[in-house]
$ cat protein20.cif   # mmCIF, C-alpha atoms
data_structure
#
loop_
_atom_site.group_PDB
_atom_site.id
_atom_site.type_symbol
_atom_site.label_atom_id
_atom_site.label_comp_id
_atom_site.auth_asym_id
_atom_site.auth_seq_id
_atom_site.Cartn_x
_atom_site.Cartn_y
_atom_site.Cartn_z
ATOM 1 C CA ARG E 1 -17.869 -16.134 30.525
ATOM 2 C CA ALA E 2 -16.099 -19.139 29.068
ATOM 3 C CA PRO E 3 -18.191 -22.196 28.199
ATOM 4 C CA SER E 4 -18.112 -24.858 30.917
ATOM 5 C CA TYR E 5 -15.628 -27.604 30.218
ATOM 6 C CA ASP E 6 -15.542 -31.127 31.651
ATOM 7 C CA VAL E 7 -11.998 -32.323 32.293
ATOM 8 C CA GLY E 8 -13.089 -35.957 32.231
ATOM 9 C CA ALA E 9 -11.780 -38.620 29.893
ATOM 10 C CA HIS E 10 -13.888 -37.548 26.918
ATOM 11 C CA PRO E 11 -13.694 -34.124 25.256
ATOM 12 C CA PRO E 12 -16.896 -32.055 25.162
ATOM 13 C CA ALA E 13 -19.047 -31.891 22.068
ATOM 14 C CA TYR E 14 -17.681 -28.523 20.960
ATOM 15 C CA ALA E 15 -14.174 -30.000 20.824
ATOM 16 C CA SER E 16 -15.249 -32.914 18.650
ATOM 17 C CA ALA E 17 -13.394 -31.478 15.680
ATOM 18 C CA HIS E 18 -10.169 -32.312 17.505
ATOM 19 C CA SER E 19 -11.185 -35.658 18.989
ATOM 20 C CA HIS E 20 -9.727 -37.707 16.120
ATOM 21 C CA HIS E 21 -6.230 -36.588 17.111
ATOM 22 C CA ALA E 22 -6.369 -38.952 20.085
ATOM 23 C CA HIS E 23 -6.509 -41.940 17.706
ATOM 24 C CA HIS E 24 -4.408 -40.556 14.846
ATOM 25 C CA PRO E 25 -1.642 -38.370 16.279
ATOM 26 C CA ASN E 26 -0.289 -35.639 14.067
ATOM 27 C CA PRO E 27 3.387 -35.710 13.099
ATOM 28 C CA ARG E 28 5.949 -34.049 15.346
ATOM 29 C CA GLY E 29 8.609 -31.646 14.211
ATOM 30 C CA SER E 30 9.821 -28.083 14.577
ATOM 31 C CA VAL E 31 7.817 -24.968 13.699
ATOM 32 C CA VAL E 32 9.596 -21.824 12.484
ATOM 33 C CA ARG E 33 8.059 -18.349 12.224
ATOM 34 C CA ARG E 34 10.014 -15.210 11.356
ATOM 35 C CA ASN E 35 9.923 -11.583 10.346
ATOM 36 C CA ASP E 36 12.774 -9.230 9.500
ATOM 37 C CA ILE E 37 13.955 -8.953 13.127
ATOM 38 C CA VAL E 38 12.669 -11.999 15.042
ATOM 39 C CA THR E 39 12.771 -15.749 14.382
ATOM 40 C CA VAL E 40 10.935 -18.203 16.646
ATOM 41 C CA VAL E 41 11.633 -21.934 16.603
ATOM 42 C CA LEU E 42 9.360 -24.304 18.541
ATOM 43 C CA GLN E 43 11.104 -27.640 18.936
ATOM 44 C CA ASP E 44 9.634 -31.152 18.839
ATOM 45 C CA VAL E 45 5.952 -30.175 18.751
ATOM 46 C CA GLU E 46 2.881 -31.908 17.367
ATOM 47 C CA VAL E 47 1.733 -30.061 14.253
ATOM 48 C CA ALA E 48 -1.913 -29.984 13.119
ATOM 49 C CA ALA E 49 -2.148 -31.416 9.623
ATOM 50 C CA GLY E 50 -4.878 -29.020 8.483
ATOM 51 C CA THR E 51 -3.555 -25.708 9.803
ATOM 52 C CA GLY E 52 0.150 -26.243 10.398
ATOM 53 C CA ARG E 53 -0.276 -24.880 13.918
ATOM 54 C CA PRO E 54 1.695 -26.367 16.806
ATOM 55 C CA MET E 55 -0.588 -28.283 19.175
ATOM 56 C CA PHE E 56 -0.377 -28.535 22.948
ATOM 57 C CA GLY E 57 -2.248 -30.509 25.580
ATOM 58 C CA ARG E 58 -3.138 -29.981 29.230
ATOM 59 C CA GLY E 59 -0.217 -28.563 31.227
ATOM 60 C CA ALA E 60 2.079 -28.695 28.186
ATOM 61 C CA ILE E 61 5.333 -26.764 27.949
ATOM 62 C CA VAL E 62 5.910 -24.419 25.017
ATOM 63 C CA ARG E 63 9.660 -24.676 24.519
ATOM 64 C CA GLY E 64 11.844 -23.093 21.881
ATOM 65 C CA GLU E 65 14.279 -20.363 20.923
ATOM 66 C CA VAL E 66 14.037 -16.733 19.877
ATOM 67 C CA GLY E 67 16.620 -15.570 17.362
ATOM 68 C CA LEU E 68 17.386 -11.887 16.777
ATOM 69 C CA ALA E 69 18.710 -10.564 13.474
ATOM 70 C CA THR E 70 20.608 -7.959 15.510
ATOM 71 C CA THR E 71 21.075 -7.109 19.172
ATOM 72 C CA ASN E 72 21.956 -3.488 18.444
ATOM 73 C CA ASP E 73 19.724 -1.133 20.411
ATOM 74 C CA VAL E 74 17.646 -4.036 21.810
ATOM 75 C CA VAL E 75 16.613 -3.258 25.387
ATOM 76 C CA SER E 76 14.116 -6.055 26.094
ATOM 77 C CA VAL E 77 12.828 -9.358 24.736
ATOM 78 C CA VAL E 78 9.623 -10.789 26.207
ATOM 79 C CA ALA E 79 7.823 -14.013 25.267
ATOM 80 C CA ARG E 80 4.272 -14.466 26.491
ATOM 81 C CA LEU E 81 1.595 -17.108 26.217
ATOM 82 C CA GLU E 82 -1.834 -15.566 25.629
ATOM 83 C CA GLY E 83 -5.353 -16.964 25.614
ATOM 84 C CA ARG E 84 -8.073 -14.714 24.244
ATOM 85 C CA MET E 85 -11.840 -15.079 24.009
ATOM 86 C CA LYS E 86 -13.999 -13.164 21.562
ATOM 87 C CA ILE E 87 -17.803 -13.218 21.512
ATOM 88 C CA ARG E 88 -19.686 -11.540 18.689
ATOM 89 C CA LEU E 89 -23.450 -11.217 18.275
ATOM 90 C CA GLY E 90 -24.491 -10.041 14.831
ATOM 91 C CA ASP E 91 -22.682 -7.025 13.396
ATOM 92 C CA LEU E 92 -23.074 -4.684 16.355
ATOM 93 C CA THR E 93 -22.141 -6.413 19.605
ATOM 94 C CA SER E 94 -18.616 -7.687 20.177
ATOM 95 C CA THR E 95 -16.594 -8.313 23.309
ATOM 96 C CA HIS E 96 -13.204 -9.862 23.893
ATOM 97 C CA HIS E 97 -10.755 -10.265 26.728
ATOM 98 C CA THR E 98 -7.474 -11.989 27.578
ATOM 99 C CA PHE E 99 -7.963 -14.738 30.161
ATOM 100 C CA VAL E 100 -4.463 -16.240 29.989
ATOM 101 C CA ASP E 101 -1.328 -14.092 30.114
ATOM 102 C CA VAL E 102 1.949 -15.823 31.006
ATOM 103 C CA PRO E 103 5.000 -13.632 30.269
ATOM 104 C CA VAL E 104 8.711 -14.340 30.625
ATOM 105 C CA SER E 105 11.584 -11.892 30.105
ATOM 106 C CA LEU E 106 14.407 -13.381 28.033
ATOM 107 C CA GLY E 107 17.085 -10.740 28.534
ATOM 108 C CA THR E 108 19.255 -9.242 25.790
ATOM 109 C CA THR E 109 22.626 -10.920 26.281
ATOM 110 C CA SER E 110 22.558 -13.088 23.162
ATOM 111 C CA SER E 111 21.126 -13.238 19.653
ATOM 112 C CA VAL E 112 19.696 -16.708 20.434
ATOM 113 C CA LEU E 113 17.472 -16.826 23.524
ATOM 114 C CA PRO E 114 15.885 -20.088 24.761
ATOM 115 C CA PHE E 115 12.503 -19.910 26.471
ATOM 116 C CA SER E 116 10.002 -22.145 28.200
ATOM 117 C CA LEU E 117 6.349 -21.372 28.998
ATOM 118 C CA THR E 118 3.788 -23.686 30.590
ATOM 119 C CA PHE E 119 0.088 -23.798 29.786
ATOM 120 C CA PRO E 120 -1.778 -23.229 33.073
ATOM 121 C CA GLU E 121 -4.376 -25.858 33.857
ATOM 122 C CA THR E 122 -6.917 -23.287 35.072
ATOM 123 C CA PHE E 123 -7.890 -19.665 34.565
ATOM 124 C CA THR E 124 -9.792 -17.208 36.752
ATOM 125 C CA ASP E 125 -13.145 -16.053 35.406
ATOM 126 C CA ARG E 126 -13.327 -12.261 35.427
ATOM 127 C CA ASP E 127 -17.046 -12.243 36.323
ATOM 128 C CA ASP E 128 -17.245 -14.550 39.334
ATOM 129 C CA GLY E 129 -13.580 -14.790 40.320
ATOM 130 C CA GLN E 130 -13.701 -18.609 40.284
ATOM 131 C CA SER E 131 -11.083 -20.904 38.744
ATOM 132 C CA TYR E 132 -12.062 -23.108 35.789
ATOM 133 C CA PRO E 133 -10.201 -25.634 33.625
ATOM 134 C CA LEU E 134 -8.543 -24.043 30.626
ATOM 135 C CA VAL E 135 -10.861 -23.984 27.600
ATOM 136 C CA PRO E 136 -9.757 -25.725 24.370
ATOM 137 C CA SER E 137 -9.195 -23.762 21.178
ATOM 138 C CA LEU E 138 -12.563 -23.420 19.478
ATOM 139 C CA ASP E 139 -14.491 -21.442 16.915
ATOM 140 C CA LEU E 140 -18.274 -21.821 17.251
ATOM 141 C CA ARG E 141 -21.004 -20.242 15.185
ATOM 142 C CA ASP E 142 -24.738 -20.465 15.822
ATOM 143 C CA LYS E 143 -27.288 -18.851 13.553
ATOM 144 C CA THR E 144 -31.050 -19.283 13.354
ATOM 145 C CA GLU E 145 -33.700 -17.536 11.295
ATOM 146 C CA ASP E 146 -35.034 -15.462 14.178
ATOM 147 C CA GLN E 147 -31.730 -14.688 15.955
ATOM 148 C CA ASP E 148 -28.531 -12.843 15.180
ATOM 149 C CA ASP E 149 -25.436 -14.767 14.254
ATOM 150 C CA LEU E 150 -23.555 -15.729 17.450
ATOM 151 C CA ARG E 151 -19.853 -16.524 17.208
ATOM 152 C CA VAL E 152 -17.550 -17.572 20.052
ATOM 153 C CA ARG E 153 -13.834 -17.939 19.454
ATOM 154 C CA VAL E 154 -11.131 -19.022 21.905
ATOM 155 C CA ALA E 155 -7.601 -18.655 20.558
ATOM 156 C CA TYR E 156 -4.105 -19.075 21.962
ATOM 157 C CA ARG E 157 -0.867 -17.616 20.726
ATOM 158 C CA LEU E 158 2.774 -17.112 21.555
ATOM 159 C CA VAL E 159 3.757 -13.442 21.310
ATOM 160 C CA VAL E 160 7.406 -12.348 21.219
ATOM 161 C CA THR E 161 8.017 -8.622 21.642
ATOM 162 C CA VAL E 162 11.396 -6.985 21.103
ATOM 163 C CA GLY E 163 11.824 -3.501 22.548
ATOM 164 C CA ARG E 164 14.354 -1.152 20.982
ATOM 165 C CA GLY E 165 15.736 1.937 22.657
ATOM 166 C CA SER E 166 15.545 4.326 19.732
ATOM 167 C CA LEU E 167 12.167 6.076 19.724
ATOM 168 C CA HIS E 168 10.828 3.312 22.030
ATOM 169 C CA LEU E 169 10.064 1.100 19.052
ATOM 170 C CA GLN E 170 8.741 -2.460 19.407
ATOM 171 C CA LYS E 171 8.776 -5.390 17.016
ATOM 172 C CA THR E 172 6.294 -8.237 17.578
ATOM 173 C CA LEU E 173 6.004 -11.748 16.185
ATOM 174 C CA GLU E 174 2.913 -13.873 16.880
ATOM 175 C CA VAL E 175 2.602 -17.655 16.571
ATOM 176 C CA ASP E 176 -0.902 -19.155 16.605
ATOM 177 C CA LEU E 177 -1.239 -22.237 18.812
ATOM 178 C CA ASP E 178 -3.883 -24.937 19.164
ATOM 179 C CA TYR E 179 -4.711 -25.993 22.727
ATOM 180 C CA VAL E 180 -6.329 -29.446 22.779
ATOM 181 C CA PRO E 181 -6.613 -30.916 26.301
ATOM 182 C CA ARG E 182 -7.003 -34.647 25.962
ATOM 183 C CA SER E 183 -7.141 -37.598 28.292
ATOM 184 C CA PRO E 184 -3.530 -38.766 28.814
ATOM 185 C CA GLN E 185 -4.396 -42.420 28.349
ATOM 186 C CA LEU E 186 -5.658 -41.739 24.812
ATOM 187 C CA VAL E 187 -2.517 -40.008 23.577
ATOM 188 C CA ASN E 188 0.063 -42.073 21.713
ATOM 189 C CA MET E 189 3.268 -40.026 21.749
ATOM 190 C CA PRO E 190 5.670 -40.788 18.892
ATOM 191 C CA GLY E 191 9.416 -40.499 19.303
ATOM 192 C CA PRO E 192 11.176 -37.123 19.211
ATOM 193 C CA ALA E 193 12.002 -35.602 15.848
ATOM 194 C CA ALA E 194 15.245 -33.961 14.807
ATOM 195 C CA ARG E 195 15.587 -30.406 16.073
ATOM 196 C CA PRO E 196 16.912 -27.712 13.737
ATOM 197 C CA ASN E 197 19.074 -24.998 15.158
ATOM 198 C CA PHE E 198 19.769 -21.485 14.007
ATOM 199 C CA VAL E 199 22.949 -22.534 12.185
ATOM 200 C CA GLU E 200 20.867 -24.881 10.024
ATOM 201 C CA LEU E 201 18.211 -22.229 9.497
ATOM 202 C CA LYS E 202 20.749 -19.782 8.124
ATOM 203 C CA GLU E 203 21.656 -22.326 5.462
ATOM 204 C CA LEU E 204 18.049 -22.654 4.238
#
$ encode --input "protein20.cif" --output "structure tokens"
Amino acid sequence: RAPSYDVGAHPPAYASAHSHHAHHPNPRGSVVRRNDIVTVVLQDVEVAAGTGRPMFGRGAIVRGEVGLATTNDVVSVVARLEGRMKIRLGDLTSTHHTFVDVPVSLGTTSSVLPFSLTFPETFTDRDDGQSYPLVPSLDLRDKTEDQDDLRVRVAYRLVVTVGRGSLHLQKTLEVDLDYVPRSPQLVNMPGPAARPNFVELKEL
């Protein structure tokens, strides 16, 4: 079960590593990830200085474009927002599950496909069936002399999957995201940055 999370004005203690962002916003820009088939551009996002990951707050929209190196034999393009939790106790016990799964089909009519996905504000706990506020990205570790090492990790990512007709092949590109729900009154949003497009990317 996910740790309880208070949606009040102040982030919980386990999110303290992110709390300084409220006073010192990270720069905004565009994030580009690519492999040999797929390019993903996230436009006008806050980027974490330490990790280079795009950051999103409560109810934020993940907006961008998917570029395909070729549309030949492409039968499907799906973008999905995933939230996964992994709990590990020592070296023997490990469990993980996906608690956020928001997919959108982008079609195959163009080599440049815009998309938009929204972070849900709640998720449904698989044990009790109740709704809870979405948990921030976190990576916790607790180890004592008389107990096994306990590690809890909550991670979010954007996953773009391209299906190809020949041999039912799939090509996947993953973009790690940081989810940092903060009190709106503490966030100082800078102005929008310039947005690159795929024509500019081809010239890089």
$ resolve_selection --input "protein20.cif" --expression "the PyMOL selection byres ((chain E and resi 137) around 7)" --output "number ranges by chain"
E: 135-136, 138, 154-156, 178-180
$ closest_residue --input "protein20.cif" --among "E:Val160, E:Leu42, E:Val77, E:Val66" --to "Leu113 in chain E" --atoms "all atoms listed in the file"
E:Val66
$ atom_distance --input "protein20.cif" --atom1 "CA of His168 in chain E" --atom2 "CA of Asn72 in chain E"
13.5 Å
$ residues_near_point --input "protein20.cif" --point "(-2.3, -21.8, 29.7)" --cutoff "8 Å" --atoms "all atoms listed in the file" --output "PyMOL selection string"
chain E and resi 59+81-83+100-102+118-123+134
$ atom_distance --input "protein20.cif" --atom1 "CA of Thr71 in chain E" --atom2 "CA of Arg53 in chain E"
28.3 Å
$ residues_around --input "protein20.cif" --residues "Leu140 in chain E" --least-positions-apart "4" --cutoff "7 Å" --atoms "all atoms listed in the file" --output "ChimeraX atom specification"
/E:151-153
$ atom_distance --input "protein20.cif" --atom1 "CA of Val162 in chain E" --atom2 "CA of Phe56 in chain E"
24.6 Å
$ resolve_selection --input "protein20.cif" --expression "the PyMOL selection byres ((chain E and resi 45) around 6)" --output "list of chain:residue names"
E:Arg28, E:Gly29, E:Gln43, E:Asp44, E:Glu46
$ closest_residue --input "protein20.cif" --among "E:Arg164, E:His96, E:Arg58, E:Arg88" --to "Asp149 in chain E" --atoms "all atoms listed in the file"
E:Arg88
$ resolve_selection --input "protein20.cif" --expression "the PyMOL selection byres ((chain E and resi 116) around 7)" --output "mmCIF file with C-alpha atoms, in the frame of the given file"
data_model
loop_
_atom_site.group_PDB
_atom_site.id
_atom_site.type_symbol
_atom_site.label_atom_id
_atom_site.label_comp_id
_atom_site.auth_asym_id
_atom_site.auth_seq_id
_atom_site.Cartn_x
_atom_site.Cartn_y
_atom_site.Cartn_z
ATOM 1 C CA ILE E 61 5.333 -26.764 27.949
ATOM 2 C CA VAL E 62 5.910 -24.419 25.017
ATOM 3 C CA ARG E 63 9.660 -24.676 24.519
ATOM 4 C CA GLY E 64 11.844 -23.093 21.881
ATOM 5 C CA PHE E 115 12.503 -19.910 26.471
ATOM 6 C CA LEU E 117 6.349 -21.372 28.998
ATOM 7 C CA THR E 118 3.788 -23.686 30.590
#
$ closest_residue --input "protein20.cif" --among "E:Leu106, E:Ala69, E:Ala49, E:Val75" --to "Ser166 in chain E" --atoms "all atoms listed in the file"
E:Val75
$ residues_around --input "protein20.cif" --residues "Pro103 in chain E" --least-positions-apart "5" --cutoff "7 Å" --atoms "only C-alpha atoms" --output "PyMOL selection string"
chain E and resi 78-81
$ closest_residue --input "protein20.cif" --among "E:Leu177, E:Met85, E:Asp91, E:Phe99" --to "Gly129 in chain E" --atoms "all atoms listed in the file"
E:Phe99
$ residues_around --input "protein20.cif" --residues "range 38-41 of chain E" --least-positions-apart "2" --cutoff "10 Å" --atoms "only C-alpha atoms" --output "JSON, numbers by chain"
{"E": [30, 31, 32, 33, 34, 35, 36, 43, 44, 63, 64, 65, 66, 67, 68, 69, 70, 111, 112, 113, 114, 158, 159, 160, 161, 162, 171, 172, 173, 174, 175, 195, 196, 197, 198, 201]}
